Each structure stands twice: as C-alpha cells, then as structure tokens.
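Novice: File my_file-v6.tsv follows (TSV, C-alpha atoms):
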```
chain	number	residue	atom	x	y	z
X	216	MET	CA	0.00	0.00	0.00
X	217	GLY	CA	2.98	2.40	0.58
X	218	GLY	CA	2.74	5.43	2.83
X	219	GLN	CA	2.88	5.31	6.58
X	220	ALA	CA	0.93	2.73	8.47
X	221	THR	CA	-0.62	4.88	11.16
X	222	GLY	CA	-3.38	4.32	13.64
X	223	LEU	CA	-5.52	1.23	13.94
X	224	THR	CA	-7.82	-0.71	11.71
X	225	ALA	CA	-11.02	-2.32	12.91
X	226	ARG	CA	-12.19	-5.37	11.00
X	227	VAL	CA	-15.90	-5.91	11.56
X	228	THR	CA	-17.63	-9.09	10.46
X	229	VAL	CA	-21.42	-9.13	10.44
X	230	THR	CA	-23.24	-12.43	9.95
X	231	PRO	CA	-26.89	-13.48	10.06
X	232	LYS	CA	-27.87	-14.77	13.50
X	233	ARG	CA	-28.37	-18.51	13.95
X	234	GLY	CA	-31.91	-19.38	13.12
X	235	ILE	CA	-32.41	-16.39	10.85
X	236	LEU	CA	-33.25	-17.42	7.31
X	237	ASP	CA	-30.26	-16.77	5.03
X	238	PRO	CA	-31.54	-17.36	1.49
X	239	GLN	CA	-28.35	-15.94	0.03
X	240	GLY	CA	-26.24	-18.45	1.95
X	241	LYS	CA	-28.52	-21.26	0.84
X	242	ALA	CA	-28.19	-20.26	-2.81
X	243	VAL	CA	-24.40	-20.14	-2.53
X	244	GLN	CA	-24.38	-23.54	-0.84
X	245	GLN	CA	-26.48	-25.06	-3.64
X	246	SER	CA	-24.17	-23.58	-6.26
X	247	LEU	CA	-21.12	-25.01	-4.49
X	248	HIS	CA	-22.78	-28.43	-4.49
X	249	VAL	CA	-23.41	-28.12	-8.22
X	250	LEU	CA	-19.75	-27.20	-8.71
X	251	GLY	CA	-18.65	-30.41	-6.99
X	252	PHE	CA	-18.13	-29.34	-3.38
X	253	PRO	CA	-20.61	-31.60	-1.58
X	254	GLU	CA	-18.70	-31.21	1.70
X	255	VAL	CA	-20.20	-27.75	2.21
X	256	ALA	CA	-22.75	-28.36	4.95
X	257	GLU	CA	-23.85	-24.77	5.46
X	258	VAL	CA	-23.10	-21.27	4.14
X	259	ARG	CA	-23.85	-18.03	5.95
X	260	VAL	CA	-23.27	-14.88	3.90
X	261	GLY	CA	-22.56	-11.72	5.86
X	262	LYS	CA	-20.73	-8.43	5.53
X	263	TYR	CA	-17.18	-7.33	6.15
X	264	VAL	CA	-16.54	-3.70	7.14
X	265	GLU	CA	-13.09	-2.13	7.56
X	266	LEU	CA	-12.70	1.04	9.58
X	267	ARG	CA	-9.49	3.06	9.74
X	268	LEU	CA	-9.27	4.75	13.13
X	269	ARG	CA	-7.25	7.71	14.32
X	270	ASP	CA	-6.55	9.39	17.65
X	271	VAL	CA	-7.72	6.44	19.68
X	272	ASP	CA	-5.86	3.75	21.62
X	273	ARG	CA	-6.49	0.05	21.30
X	274	ALA	CA	-8.64	-0.43	24.39
X	275	ALA	CA	-10.85	2.55	23.64
X	276	ALA	CA	-11.06	1.57	19.96
X	277	SER	CA	-12.47	-1.82	20.84
X	278	ALA	CA	-15.23	-0.32	22.98
X	279	ARG	CA	-15.99	2.40	20.42
X	280	VAL	CA	-16.30	-0.03	17.52
X	281	GLN	CA	-18.47	-2.28	19.66
X	282	ALA	CA	-20.79	0.70	20.16
X	283	MET	CA	-20.74	1.46	16.40
X	284	CYS	CA	-21.83	-2.10	15.70
X	285	GLU	CA	-24.63	-1.96	18.22
X	286	GLN	CA	-25.91	1.39	16.94
X	287	LEU	CA	-25.48	1.04	13.19
X	288	LEU	CA	-23.21	-1.55	11.61
X	289	ALA	CA	-25.26	-4.54	12.77
X	290	ASN	CA	-28.92	-5.04	13.64
X	291	GLY	CA	-29.02	-7.09	16.82
X	292	VAL	CA	-32.41	-8.54	15.92
X	293	ILE	CA	-31.03	-10.41	12.92
X	294	GLU	CA	-27.24	-10.19	12.98
X	295	ASP	CA	-24.19	-11.09	15.07
X	296	PHE	CA	-20.91	-9.22	14.77
X	297	HIS	CA	-17.27	-9.78	15.53
X	298	VAL	CA	-14.66	-7.02	15.92
X	299	GLU	CA	-10.92	-7.38	15.44
X	300	ILE	CA	-8.57	-4.44	16.02
X	301	VAL	CA	-5.21	-4.53	14.23
X	302	GLU	CA	-2.25	-2.13	14.04
X	303	GLY	CA	-1.78	-0.01	10.93
X	304	GLY	CA	-3.89	1.45	8.17
X	305	LEU	CA	-6.16	-0.33	5.73
Z	271	MET	CA	-57.25	15.89	8.91
Z	272	ARG	CA	-53.62	16.50	8.10
Z	273	TRP	CA	-51.34	13.85	6.62
Z	274	GLY	CA	-47.58	14.25	6.48
Z	275	VAL	CA	-45.49	12.23	4.05
Z	276	VAL	CA	-41.74	12.03	4.52
Z	277	THR	CA	-39.47	12.09	1.51
Z	278	PHE	CA	-36.06	10.52	2.08
Z	279	PRO	CA	-33.47	10.41	-0.71
Z	280	GLY	CA	-34.62	7.30	-2.58
Z	281	SER	CA	-38.28	7.33	-1.48
Z	282	ASN	CA	-40.52	6.67	-4.45
Z	283	ASP	CA	-44.05	6.21	-3.16
Z	284	ASP	CA	-44.21	9.60	-1.45
Z	285	ARG	CA	-46.00	11.30	-4.37
Z	286	ASP	CA	-48.62	8.56	-4.57
Z	287	MET	CA	-49.36	8.91	-0.87
Z	288	LEU	CA	-49.61	12.71	-1.09
Z	289	ARG	CA	-51.98	12.33	-4.02
Z	290	VAL	CA	-54.17	9.92	-2.06
Z	291	ALA	CA	-54.33	12.28	0.93
Z	292	ASP	CA	-55.05	15.33	-1.17
Z	293	ARG	CA	-57.16	14.19	-4.14
Z	294	ILE	CA	-58.84	11.04	-2.92
Z	295	LEU	CA	-59.28	11.65	0.80
Z	296	GLY	CA	-59.71	15.40	0.42
Z	297	ASP	CA	-57.45	16.06	3.40
Z	298	ASP	CA	-54.45	18.32	3.94
Z	299	ALA	CA	-51.32	16.71	2.56
Z	300	VAL	CA	-47.99	17.99	3.81
Z	301	SER	CA	-44.78	16.99	2.13
Z	302	LEU	CA	-42.07	16.55	4.77
Z	303	TRP	CA	-38.36	16.52	3.94
Z	304	HIS	CA	-35.96	14.14	5.66
Z	305	LYS	CA	-33.96	17.09	6.97
Z	306	ASP	CA	-36.99	18.74	8.59
Z	307	GLU	CA	-36.94	18.78	12.35
Z	308	HIS	CA	-40.67	19.38	12.78
Z	309	LEU	CA	-43.78	17.63	11.53
Z	310	HIS	CA	-45.73	20.84	10.91
Z	311	GLY	CA	-48.73	19.78	12.95
Z	312	VAL	CA	-49.68	16.65	11.03
Z	313	ASP	CA	-52.04	14.14	12.62
Z	314	CYS	CA	-50.57	11.10	10.90
Z	315	VAL	CA	-47.06	10.86	9.49
Z	316	VAL	CA	-46.45	8.35	6.71
Z	317	LEU	CA	-43.04	6.86	5.96
Z	318	PRO	CA	-43.47	5.79	2.34
Z	319	GLY	CA	-42.08	2.98	0.24
Z	320	GLY	CA	-38.93	3.17	-1.80
Z	321	PHE	CA	-35.23	2.65	-1.32
Z	322	SER	CA	-34.20	5.31	1.18
Z	323	TYR	CA	-30.47	6.01	1.00
Z	324	GLY	CA	-30.11	3.27	-1.61
Z	325	ASP	CA	-30.88	0.58	1.00
Z	326	TYR	CA	-27.22	0.90	1.96
Z	327	LEU	CA	-26.04	-1.34	4.82
Z	328	ARG	CA	-29.59	-2.62	5.52
Z	329	CYS	CA	-32.99	-1.40	4.34
Z	330	GLY	CA	-33.93	1.55	6.54
Z	331	ALA	CA	-30.67	1.52	8.50
Z	332	ILE	CA	-29.52	4.96	7.37
Z	333	ALA	CA	-32.93	6.62	7.13
Z	334	ARG	CA	-33.38	5.95	10.80
Z	335	PHE	CA	-30.80	8.65	11.56
Z	336	ALA	CA	-32.40	11.34	9.37
Z	337	PRO	CA	-33.18	14.51	11.36
Z	338	ILE	CA	-36.93	14.05	10.88
Z	339	MET	CA	-36.84	10.68	12.62
Z	340	SER	CA	-36.34	12.35	16.01
Z	341	ALA	CA	-39.55	14.28	15.40
Z	342	VAL	CA	-41.29	11.08	14.29
Z	343	ALA	CA	-40.16	9.31	17.48
Z	344	ARG	CA	-41.44	12.22	19.63
Z	345	HIS	CA	-44.74	12.22	17.73
Z	346	ALA	CA	-45.10	8.47	18.31
Z	347	ALA	CA	-44.20	8.76	22.00
Z	348	ALA	CA	-46.88	11.43	22.40
Z	349	GLY	CA	-49.49	9.10	20.90
Z	350	GLY	CA	-49.40	10.58	17.39
Z	351	LEU	CA	-50.11	8.29	14.46
Z	352	VAL	CA	-47.25	6.85	12.39
Z	353	LEU	CA	-47.75	4.62	9.35
Z	354	GLY	CA	-44.78	2.90	7.71
Z	355	ILE	CA	-45.41	1.29	4.34
Z	356	CYS	CA	-42.87	-1.14	2.88
Z	357	ASN	CA	-39.55	0.73	3.20
Z	358	GLY	CA	-41.30	2.79	5.87
Z	359	PHE	CA	-41.97	-0.44	7.81
Z	360	GLN	CA	-38.29	-1.35	7.49
Z	361	ILE	CA	-37.30	2.09	8.79
Z	362	LEU	CA	-39.65	1.81	11.79
Z	363	CYS	CA	-38.13	-1.56	12.71
Z	364	GLU	CA	-34.59	-0.23	12.35
Z	365	ALA	CA	-35.54	2.77	14.50
Z	366	GLY	CA	-36.88	0.48	17.21
Z	367	LEU	CA	-40.37	2.00	16.94
Z	368	LEU	CA	-41.63	-1.44	15.94
Z	369	PRO	CA	-40.28	-4.84	17.03
Z	370	GLY	CA	-38.57	-7.32	14.70
Z	371	ALA	CA	-36.83	-6.84	11.37
Z	372	LEU	CA	-37.35	-7.43	7.66
Z	373	VAL	CA	-34.86	-9.54	5.75
Z	374	ARG	CA	-34.43	-10.87	2.22
Z	375	ASN	CA	-37.46	-12.75	0.85
Z	376	ARG	CA	-37.18	-16.48	1.36
Z	377	GLY	CA	-37.53	-17.05	-2.40
Z	378	ARG	CA	-34.58	-14.67	-2.98
Z	379	ARG	CA	-36.54	-12.79	-5.62
Z	380	PHE	CA	-38.13	-9.37	-5.59
Z	381	VAL	CA	-41.89	-10.01	-5.51
Z	382	CYS	CA	-44.42	-7.82	-7.29
Z	383	ASP	CA	-47.92	-9.15	-6.84
Z	384	VAL	CA	-51.37	-8.62	-5.39
Z	385	ILE	CA	-51.89	-10.42	-2.11
Z	386	THR	CA	-54.72	-10.94	0.33
Z	387	ALA	CA	-54.13	-9.37	3.72
Z	388	ARG	CA	-56.35	-10.57	6.55
Z	389	VAL	CA	-57.19	-7.98	9.18
Z	390	GLU	CA	-56.28	-9.52	12.54
Z	391	THR	CA	-57.56	-6.75	14.77
Z	392	SER	CA	-59.76	-3.70	14.38
Z	393	ASP	CA	-58.29	-2.27	17.56
Z	394	THR	CA	-55.90	0.16	15.87
Z	395	PRO	CA	-56.59	3.59	14.39
Z	396	PHE	CA	-55.59	2.13	11.01
Z	397	THR	CA	-58.08	-0.75	11.04
Z	398	TYR	CA	-60.75	0.95	13.14
Z	399	GLY	CA	-63.24	0.73	10.27
Z	400	CYS	CA	-62.43	-2.86	9.33
Z	401	ARG	CA	-63.82	-6.12	10.60
Z	402	ARG	CA	-61.53	-8.65	12.23
Z	403	GLY	CA	-61.02	-11.33	9.58
Z	404	GLU	CA	-61.80	-8.96	6.74
Z	405	LEU	CA	-59.78	-9.65	3.60
Z	406	LEU	CA	-58.08	-6.81	1.73
Z	407	GLU	CA	-56.55	-7.11	-1.71
Z	408	LEU	CA	-53.36	-5.07	-1.70
Z	409	PRO	CA	-50.27	-4.89	-3.91
Z	410	ILE	CA	-46.81	-5.81	-2.66
Z	411	LYS	CA	-43.44	-5.01	-4.26
Z	412	HIS	CA	-40.37	-5.76	-2.23
Z	413	GLY	CA	-37.14	-7.72	-2.03
Z	414	GLU	CA	-36.76	-7.61	1.75
Z	415	GLY	CA	-40.19	-8.27	3.21
Z	416	CYS	CA	-39.59	-11.39	5.25
Z	417	TYR	CA	-40.60	-10.47	8.79
Z	418	VAL	CA	-38.49	-12.02	11.55
Z	419	ALA	CA	-38.36	-11.63	15.32
Z	420	ASP	CA	-37.24	-13.82	18.20
Z	421	GLU	CA	-39.66	-16.18	19.92
Z	422	THR	CA	-40.25	-13.96	22.94
Z	423	THR	CA	-41.08	-11.01	20.70
Z	424	VAL	CA	-43.46	-13.02	18.55
Z	425	ALA	CA	-45.20	-14.44	21.63
Z	426	ALA	CA	-45.68	-10.90	22.95
Z	427	LEU	CA	-46.96	-9.71	19.55
Z	428	GLU	CA	-49.54	-12.48	19.46
Z	429	ALA	CA	-50.57	-12.06	23.11
Z	430	ASN	CA	-51.08	-8.30	22.72
Z	431	GLU	CA	-52.76	-8.67	19.33
Z	432	GLN	CA	-50.08	-6.52	17.72
Z	433	VAL	CA	-50.16	-8.57	14.52
Z	434	VAL	CA	-52.46	-6.35	12.47
Z	435	PHE	CA	-52.27	-8.08	9.06
Z	436	ARG	CA	-51.45	-11.60	7.94
Z	437	TYR	CA	-51.00	-12.93	4.41
Z	438	ALA	CA	-53.89	-15.23	3.63
Z	439	ASP	CA	-55.41	-17.08	0.71
Z	440	ARG	CA	-58.66	-15.98	-0.87
Z	441	ALA	CA	-60.58	-18.09	1.63
Z	442	GLY	CA	-58.92	-16.20	4.44
Z	443	ARG	CA	-56.62	-18.97	5.67
Z	444	SER	CA	-53.12	-17.88	6.61
Z	445	VAL	CA	-51.49	-20.90	4.98
Z	446	PRO	CA	-47.83	-21.19	3.87
Z	447	GLU	CA	-48.85	-21.06	0.19
Z	448	ALA	CA	-50.26	-17.56	0.75
Z	449	ASN	CA	-46.98	-16.33	2.22
Z	450	PRO	CA	-45.12	-14.37	-0.48
Z	451	ASN	CA	-41.83	-13.80	1.30
Z	452	GLY	CA	-41.34	-16.28	4.13
Z	453	SER	CA	-42.53	-13.96	6.91
Z	454	LEU	CA	-42.84	-15.57	10.31
Z	455	ALA	CA	-46.45	-16.65	10.98
Z	456	ASN	CA	-47.49	-14.98	7.69
Z	457	ILE	CA	-47.07	-11.58	9.35
Z	458	ALA	CA	-47.68	-8.71	6.91
Z	459	GLY	CA	-48.03	-5.86	9.40
Z	460	VAL	CA	-47.53	-5.15	13.10
Z	461	CYS	CA	-48.23	-2.30	15.50
Z	462	ASN	CA	-46.47	-1.11	18.66
Z	463	PRO	CA	-47.91	-1.88	22.12
Z	464	ALA	CA	-49.62	1.54	22.24
Z	465	ARG	CA	-51.16	0.73	18.80
Z	466	ASN	CA	-50.47	4.17	17.31
Z	467	VAL	CA	-47.56	3.03	15.12
Z	468	LEU	CA	-48.25	0.59	12.28
Z	469	GLY	CA	-45.85	-0.93	9.77
Z	470	LEU	CA	-46.89	-3.12	6.85
Z	471	MET	CA	-45.30	-4.44	3.66
Z	472	PRO	CA	-48.43	-4.24	1.42
Z	473	HIS	CA	-49.20	-0.88	-0.19
Z	474	PRO	CA	-52.62	0.54	0.74
Z	475	GLU	CA	-51.78	3.77	-1.13
Z	476	HIS	CA	-51.60	1.80	-4.38
Z	477	ALA	CA	-55.08	0.36	-3.85
Z	478	THR	CA	-57.19	3.49	-3.77
Z	479	ASP	CA	-58.77	3.57	-7.20
Z	480	ARG	CA	-61.04	1.04	-8.89
Z	481	LEU	CA	-59.58	1.91	-12.26
Z	482	ALA	CA	-56.13	1.03	-10.98
Z	483	GLY	CA	-56.74	-2.35	-9.44
Z	484	GLY	CA	-59.01	-1.82	-6.45
Z	485	GLU	CA	-59.59	0.40	-3.48
Z	486	ASP	CA	-59.24	-1.83	-0.45
Z	487	GLY	CA	-56.34	0.34	0.70
Z	488	LEU	CA	-58.78	3.18	1.30
Z	489	LYS	CA	-60.16	1.25	4.28
Z	490	LEU	CA	-56.97	2.00	6.21
Z	491	PHE	CA	-57.03	5.70	5.45
Z	492	ARG	CA	-60.76	6.04	6.08
Z	493	SER	CA	-60.23	4.22	9.37
Z	494	VAL	CA	-57.70	6.83	10.44
Z	495	GLN	CA	-60.10	9.63	9.48
Z	496	ALA	CA	-62.93	8.02	11.43
Z	497	TRP	CA	-60.75	7.26	14.44
Z	498	LEU	CA	-59.44	10.83	14.65
Z	499	GLY	CA	-62.92	12.20	14.09
Z	500	LYS	CA	-64.28	10.17	16.96
Z	501	ARG	CA	-61.47	11.15	19.29
Z	502	GLU	CA	-61.75	14.87	18.73
Z	503	PRO	CA	-65.29	15.53	17.49
Z	504	ALA	CA	-66.13	18.88	15.91
Z	505	SER	CA	-63.38	20.96	17.48
Z	506	ARG	CA	-61.07	20.83	14.48
Z	507	ARG	CA	-58.23	23.27	14.91
Z	508	GLU	CA	-57.20	25.52	12.05
Z	509	PRO	CA	-54.29	24.26	9.96
Z	510	THR	CA	-51.06	25.81	11.20
Z	511	VAL	CA	-49.70	26.87	7.81
Z	512	VAL	CA	-46.38	25.62	6.45
Z	513	PRO	CA	-46.53	23.53	3.33
Z	514	GLY	CA	-43.48	21.33	2.75
Z	515	PRO	CA	-40.82	22.00	0.11
```
For this file, write the structure as structure tokens.
Specialist:
Amino acid sequence: MGGQATGLTARVTVTPKRGILDPQGKAVQQSLHVLGFPEVAEVRVGKYVELRLRDVDRAAASARVQAMCEQLLANGVIEDFHVEIVEGGL
Amino acid sequence: MRWGVVTFPGSNDDRDMLRVADRILGDDAVSLWHKDEHLHGVDCVVLPGGFSYGDYLRCGAIARFAPIMSAVARHAAAGGLVLGICNGFQILCEAGLLPGALVRNRGRRFVCDVITARVETSDTPFTYGCRRGELLELPIKHGEGCYVADETTVAALEANEQVVFRYADRAGRSVPEANPNGSLANIAGVCNPARNVLGLMPHPEHATDRLAGGEDGLKLFRSVQAWLGKREPASRREPTVVPGP
C-alpha cells in the first residue's frame, strides 16, 4: 500500500444470526454443491466492514467499535458481529 | 385531517401517498423533507415505500438517523399516528419503533404481486373501520419483506394482538402457500404496544382507485379519518400553515 501505516484498523464481520433465514447463503451452498463441493454443509453470507481509526488507543477503539456495531453496523435482531482491532492502516 | 409524508433520498411512493391524501381523501397533505426537524402539525405521518439512502447497509438503517426521525419518534411517544409502508416499515423496525426486522425474501426474488391481507384486529386507528377477519386485496413489491423476530417477541406480539395483518389465501386462511416472502407466521403488518404506530409491507396507497386495481387500501385511510374524528369531534383546529418543500 505504501505510505505510513498509522493508527488502527477495525475489522468488523457481520453475519446473520443462527436461526435467521439466510436465502443468500442457501443459494451459494447449492451452487457449491453443483460445482462439486458436496462437503459444504452450510453457508452463511454476511458483511465485512473495515474502519481506519485515528486518535484512539487500542482499548478505547475496541469499545468504540463495539458501540458502532450496536448502533449502526449490525442489527441485533437479525445479525451477530465480531470485531478485530489490528495495528496499521487499511 | 392533516397527513404528512416524509421524503427521504430514494423514497418513491411519497408522491402517490400525497396524491391519495389530497385528491382522494380530500385532506391536507404535507410533504415533509428528511432534513426537517418538525412535523408541521400533522395528525398522521407516513413513511413511504422506496429505497431510502439506496438501502445501503440494511434497508432503513440509514434513514433511521435522518433529522426528521427524532420528530417522528417524539410524535409516536406522544401518541401521534405513524404509518410505515414497505420501506417505511423497514425504517420503523430499524428505528426500534416497531419490534422485529425485515430480511431478504425467502424465495430470494423481488416479488411484485397482489396479495390478500387478513385484518387480525380492528383495535388500531388504522383498522378501526375494518372487521376482524376482513380480507383486503393489496399490492406488494419488495425484495426484503420477510418479517423475523425472536420467539419472545413473537409471543408478545400475538398475546397483545399486535399482529395487524397476515398474508392469507382468498378463503382467508393464513397458509404457507399464501406467504409471499417467508414472513414468520405470515405476518404482513404489526403495530407497537400503544397501537399508534403501524408498519406493513403491502401498499394501501396503491389500492385506492377502482380503475387502478381496487380500493381496499382506502379502508386504512378512512379508518384513520374516522378514528381521529371520533377522538376529537367537531373541534377541528385551524391548519397551522407551512406547506413542505
């Protein structure tokens, strides 16, 4: 990427909650079976969001991104999320 | 009475709703902009169908933070009427004004059809003039209309009779074959516990003219008129100016 790797990056993964219908995942699974990958027992399709953060330390970043997920990035009724904070830019 | 219709960037049923309020119902129709912070004295605010903010992230997820939504939430908390149609229903769920959420249709396809909606309760301002069990023919057009909620929420909805509409067949049975999108328990519309906020996927505003496929949708709007009329008989206040943009 070049340039200076500054700050932190949050990697947010949002997936449909267990038990919530995921028609997209089902379609992908069926296609994989057709392609000759019968070992695929289940597919859940979600979203991946990268956030570049500045002026915040690691501990605070984790709590802040958690709050972002709860308020906007994920809908707790239908989705689960996972946050990973790593050093450096995107 | 005075209807307010919110236009978000990407709304596309706002004009139809304004036309219904103005030309068909003969009421005041106020166009509200998503950046407005006031509702200009409307009795019922309608969040229309469409693709607000391009459906980015999730349907309704961004619209929820529009400045006007604070006013809508205050209006709802004060007992004012709020009607969310299609994308408006999605916005109300995202905003937490209604329970549950709407996800991709089970069949994965966008559905455009006419369905039968069974009225489950007449105990809301929006179904005040309907009979319980009455069948309404209404159009649907959506890609994310599959209603979901956890078991506790659904149990509460059923116990409080907050399920206002269910997809049914022409005989009035809410069977799986009549379910166009995979919604839990064939749910097509729900209200809040106070019953002044309704969200539904079918489009009553598109069923208001016999020449254009039927007028069963009018029953909802006439219900609101009748309900408001009963609550505040005669003493209609003067409109407080301010047309929208």
Novice: Using only C-alpha atoms for the distances, tell me which of X:Asp272, X:Glu265, X:Glu285, X:Glu294 is nearest to Asp237 (chain X).
Specialist: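 When distances to Asp237 (chain X) are compared using only C-alpha atoms, the smallest one comes from X:Glu294.
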Novice: Counting only C-alpha atoms, figure out which residue out of Z:Ala341, Z:Leu454, Z:Val381, Z:Val300 gets nearest to chain X.
Specialist: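 Comparing Z:Ala341, Z:Leu454, Z:Val381, Z:Val300 against chain X, the winner is Z:Leu454.
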Novice: Using only C-alpha atoms, find each residue of chain Z with at least one atom at most 12 Å away from an atom of chain X; report its shortest atom-to-atom pair and that distance in Å (one decimal), sort the rows by chain and rising residue number, and return the result as CSV.
Specialist:
```
residue,atom,partner,partner_atom,distance
Z:Tyr326,CA,X:Leu288,CA,10.7
Z:Leu327,CA,X:Leu288,CA,7.4
Z:Arg328,CA,X:Asn290,CA,8.5
Z:Cys329,CA,X:Asn290,CA,10.8
Z:Gly330,CA,X:Leu287,CA,10.8
Z:Ala331,CA,X:Leu287,CA,7.0
Z:Ile332,CA,X:Leu287,CA,8.1
Z:Ala333,CA,X:Leu287,CA,11.1
Z:Arg334,CA,X:Leu287,CA,9.6
Z:Phe335,CA,X:Leu287,CA,9.4
Z:Gln360,CA,X:Asn290,CA,11.8
Z:Cys363,CA,X:Val292,CA,9.6
Z:Glu364,CA,X:Asn290,CA,7.5
Z:Ala365,CA,X:Gln286,CA,10.0
Z:Gly366,CA,X:Val292,CA,10.1
Z:Leu368,CA,X:Val292,CA,11.6
Z:Pro369,CA,X:Val292,CA,8.8
Z:Gly370,CA,X:Val292,CA,6.4
Z:Ala371,CA,X:Val292,CA,6.6
Z:Leu372,CA,X:Ile293,CA,8.7
Z:Val373,CA,X:Ile293,CA,8.2
Z:Arg374,CA,X:Pro238,CA,7.1
Z:Asn375,CA,X:Pro238,CA,7.5
Z:Arg376,CA,X:Pro238,CA,5.7
Z:Gly377,CA,X:Pro238,CA,7.1
Z:Arg378,CA,X:Pro238,CA,6.0
Z:Arg379,CA,X:Pro238,CA,9.8
Z:Gly413,CA,X:Pro238,CA,11.7
Z:Glu414,CA,X:Pro238,CA,11.1
Z:Cys416,CA,X:Leu236,CA,9.0
Z:Tyr417,CA,X:Leu236,CA,10.2
Z:Val418,CA,X:Ile235,CA,7.5
Z:Ala419,CA,X:Val292,CA,6.7
Z:Asp420,CA,X:Val292,CA,7.5
Z:Glu421,CA,X:Gly234,CA,10.8
Z:Thr422,CA,X:Val292,CA,11.8
Z:Thr423,CA,X:Val292,CA,10.2
Z:Asn451,CA,X:Pro238,CA,10.9
Z:Gly452,CA,X:Leu236,CA,8.8
Z:Ser453,CA,X:Leu236,CA,9.9
Z:Leu454,CA,X:Leu236,CA,10.2
```
Novice: Have a look at Z:Val316, Z:Ala458, Z:Ile338, Z:Val424 and name the one nearest to Phe491 (chain Z); count all atoms listed in the file.
Specialist: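 Looking at the shortest contact to Phe491 (chain Z), the residue is Z:Val316.
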Novice: Looking at all atoms listed in the file, which of Z:Asp284, Z:Asp393, Z:Asp298, Z:Asp306 is the one that sits closest to Ser493 (chain Z)?
Specialist: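 For Ser493 (chain Z), the nearest of the given residues is Z:Asp393.
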Novice: Find the residue from Z:Ser301, Z:Ser340, Z:Asn357, Z:Ser444 that sits nearest to Ala387 (chain Z); use only C-alpha atoms when measuring.
Specialist: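 That would be Z:Ser444, the residue with the smallest distance to Ala387 (chain Z).
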Novice: For Val276 (chain Z), please output as a PyMOL selection string all residues within 12 Å (counting only C-alpha atoms; exclusion window: fewer than 6 positions along the same chain).
Specialist: chain Z and resi 282-288+299-310+312+314-320+322+333+336-339+341-342+352-355+357-358+361+514-515
Novice: Skipping near chain neighbours, those fewer than 6 positions away, what residues fall within 8 Å of Cys382 (chain Z) using all atoms listed in the file, listed as a list of chain:residue names?
Specialist: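 The filter keeps Z:Pro409, Z:Ile410, Z:Lys411, Z:His412.
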Novice: Using only C-alpha atoms, collect all residues at a distance of at most 8 Å from (-18.3, -2.5, 15.0) as written in the file, then present them as a PDB file with C-alpha atoms, keeping the file's coordinate frame.
Specialist:
```
ATOM      1  CA  ALA X 225     -11.020  -2.320  12.910  1.00  0.00           C
ATOM      2  CA  ARG X 226     -12.190  -5.370  11.000  1.00  0.00           C
ATOM      3  CA  VAL X 227     -15.900  -5.910  11.560  1.00  0.00           C
ATOM      4  CA  ARG X 279     -15.990   2.400  20.420  1.00  0.00           C
ATOM      5  CA  VAL X 280     -16.300  -0.030  17.520  1.00  0.00           C
ATOM      6  CA  GLN X 281     -18.470  -2.280  19.660  1.00  0.00           C
ATOM      7  CA  ALA X 282     -20.790   0.700  20.160  1.00  0.00           C
ATOM      8  CA  MET X 283     -20.740   1.460  16.400  1.00  0.00           C
ATOM      9  CA  CYS X 284     -21.830  -2.100  15.700  1.00  0.00           C
ATOM     10  CA  GLU X 285     -24.630  -1.960  18.220  1.00  0.00           C
ATOM     11  CA  LEU X 288     -23.210  -1.550  11.610  1.00  0.00           C
ATOM     12  CA  ALA X 289     -25.260  -4.540  12.770  1.00  0.00           C
ATOM     13  CA  PHE X 296     -20.910  -9.220  14.770  1.00  0.00           C
ATOM     14  CA  HIS X 297     -17.270  -9.780  15.530  1.00  0.00           C
ATOM     15  CA  VAL X 298     -14.660  -7.020  15.920  1.00  0.00           C
TER      16      VAL X 298
END
```
Novice: For a cutoff of 9 Å around the file-coordinate point (-4.4, 3.0, 11.3), which residues qualify once you count only C-alpha atoms? I'd like the result as a list in words.
Specialist: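 Result, sorted by chain then residue number: Gln219, Ala220, Thr221, Gly222, Leu223, Thr224, Ala225, Leu266, Arg267, Leu268, Arg269, Val301, Glu302, Gly303, Gly304 and Leu305 of chain X.
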Novice: Between CA of Pro463 (chain Z) and CA of Ser392 (chain Z), what is the distance, to one decimal in Å?
Specialist: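 Between CA of Pro463 (chain Z) and CA of Ser392 (chain Z) the gap is 14.3 Å.
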Novice: Looking at all atoms listed in the file, which of Z:Ala441, Z:Ala448, Z:Val467, Z:Ala426 is the one that sits closest to His345 (chain Z)?
Specialist: Z:Val467
Novice: Just add N, CA and C atoms to region 451-462 of chain Z and send it as a PDB file, keeping the file's coordinate frame.
Specialist:
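Saved as rebuild09.pdb:
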```
ATOM      1  N   ASN Z 451     -43.228 -14.161   1.037  1.00  0.00           N
ATOM      2  CA  ASN Z 451     -41.830 -13.800   1.300  1.00  0.00           C
ATOM      3  C   ASN Z 451     -41.188 -14.581   2.454  1.00  0.00           C
ATOM      4  N   GLY Z 452     -41.915 -15.488   3.040  1.00  0.00           N
ATOM      5  CA  GLY Z 452     -41.340 -16.280   4.130  1.00  0.00           C
ATOM      6  C   GLY Z 452     -41.518 -15.672   5.513  1.00  0.00           C
ATOM      7  N   SER Z 453     -42.316 -14.620   5.613  1.00  0.00           N
ATOM      8  CA  SER Z 453     -42.530 -13.960   6.910  1.00  0.00           C
ATOM      9  C   SER Z 453     -42.990 -14.948   7.968  1.00  0.00           C
ATOM     10  N   LEU Z 454     -42.452 -14.767   9.154  1.00  0.00           N
ATOM     11  CA  LEU Z 454     -42.840 -15.570  10.310  1.00  0.00           C
ATOM     12  C   LEU Z 454     -44.350 -15.466  10.522  1.00  0.00           C
ATOM     13  N   ALA Z 455     -45.011 -16.613  10.682  1.00  0.00           N
ATOM     14  CA  ALA Z 455     -46.450 -16.650  10.980  1.00  0.00           C
ATOM     15  C   ALA Z 455     -47.271 -15.813   9.994  1.00  0.00           C
ATOM     16  N   ASN Z 456     -46.780 -15.735   8.742  1.00  0.00           N
ATOM     17  CA  ASN Z 456     -47.490 -14.980   7.690  1.00  0.00           C
ATOM     18  C   ASN Z 456     -47.716 -13.507   8.046  1.00  0.00           C
ATOM     19  N   ILE Z 457     -46.851 -12.953   8.886  1.00  0.00           N
ATOM     20  CA  ILE Z 457     -47.070 -11.580   9.350  1.00  0.00           C
ATOM     21  C   ILE Z 457     -46.803 -10.564   8.222  1.00  0.00           C
ATOM     22  N   ALA Z 458     -47.802  -9.731   7.955  1.00  0.00           N
ATOM     23  CA  ALA Z 458     -47.680  -8.710   6.910  1.00  0.00           C
ATOM     24  C   ALA Z 458     -47.627  -7.309   7.500  1.00  0.00           C
ATOM     25  N   GLY Z 459     -48.059  -7.170   8.776  1.00  0.00           N
ATOM     26  CA  GLY Z 459     -48.030  -5.860   9.400  1.00  0.00           C
ATOM     27  C   GLY Z 459     -48.173  -5.977  10.910  1.00  0.00           C
ATOM     28  N   VAL Z 460     -47.455  -5.130  11.630  1.00  0.00           N
ATOM     29  CA  VAL Z 460     -47.530  -5.150  13.100  1.00  0.00           C
ATOM     30  C   VAL Z 460     -47.655  -3.711  13.632  1.00  0.00           C
ATOM     31  N   CYS Z 461     -48.173  -3.606  14.846  1.00  0.00           N
ATOM     32  CA  CYS Z 461     -48.230  -2.300  15.500  1.00  0.00           C
ATOM     33  C   CYS Z 461     -47.427  -2.346  16.794  1.00  0.00           C
ATOM     34  N   ASN Z 462     -47.187  -1.181  17.379  1.00  0.00           N
ATOM     35  CA  ASN Z 462     -46.470  -1.110  18.660  1.00  0.00           C
ATOM     36  C   ASN Z 462     -47.460  -1.406  19.794  1.00  0.00           C
TER      37      ASN Z 462
END
```
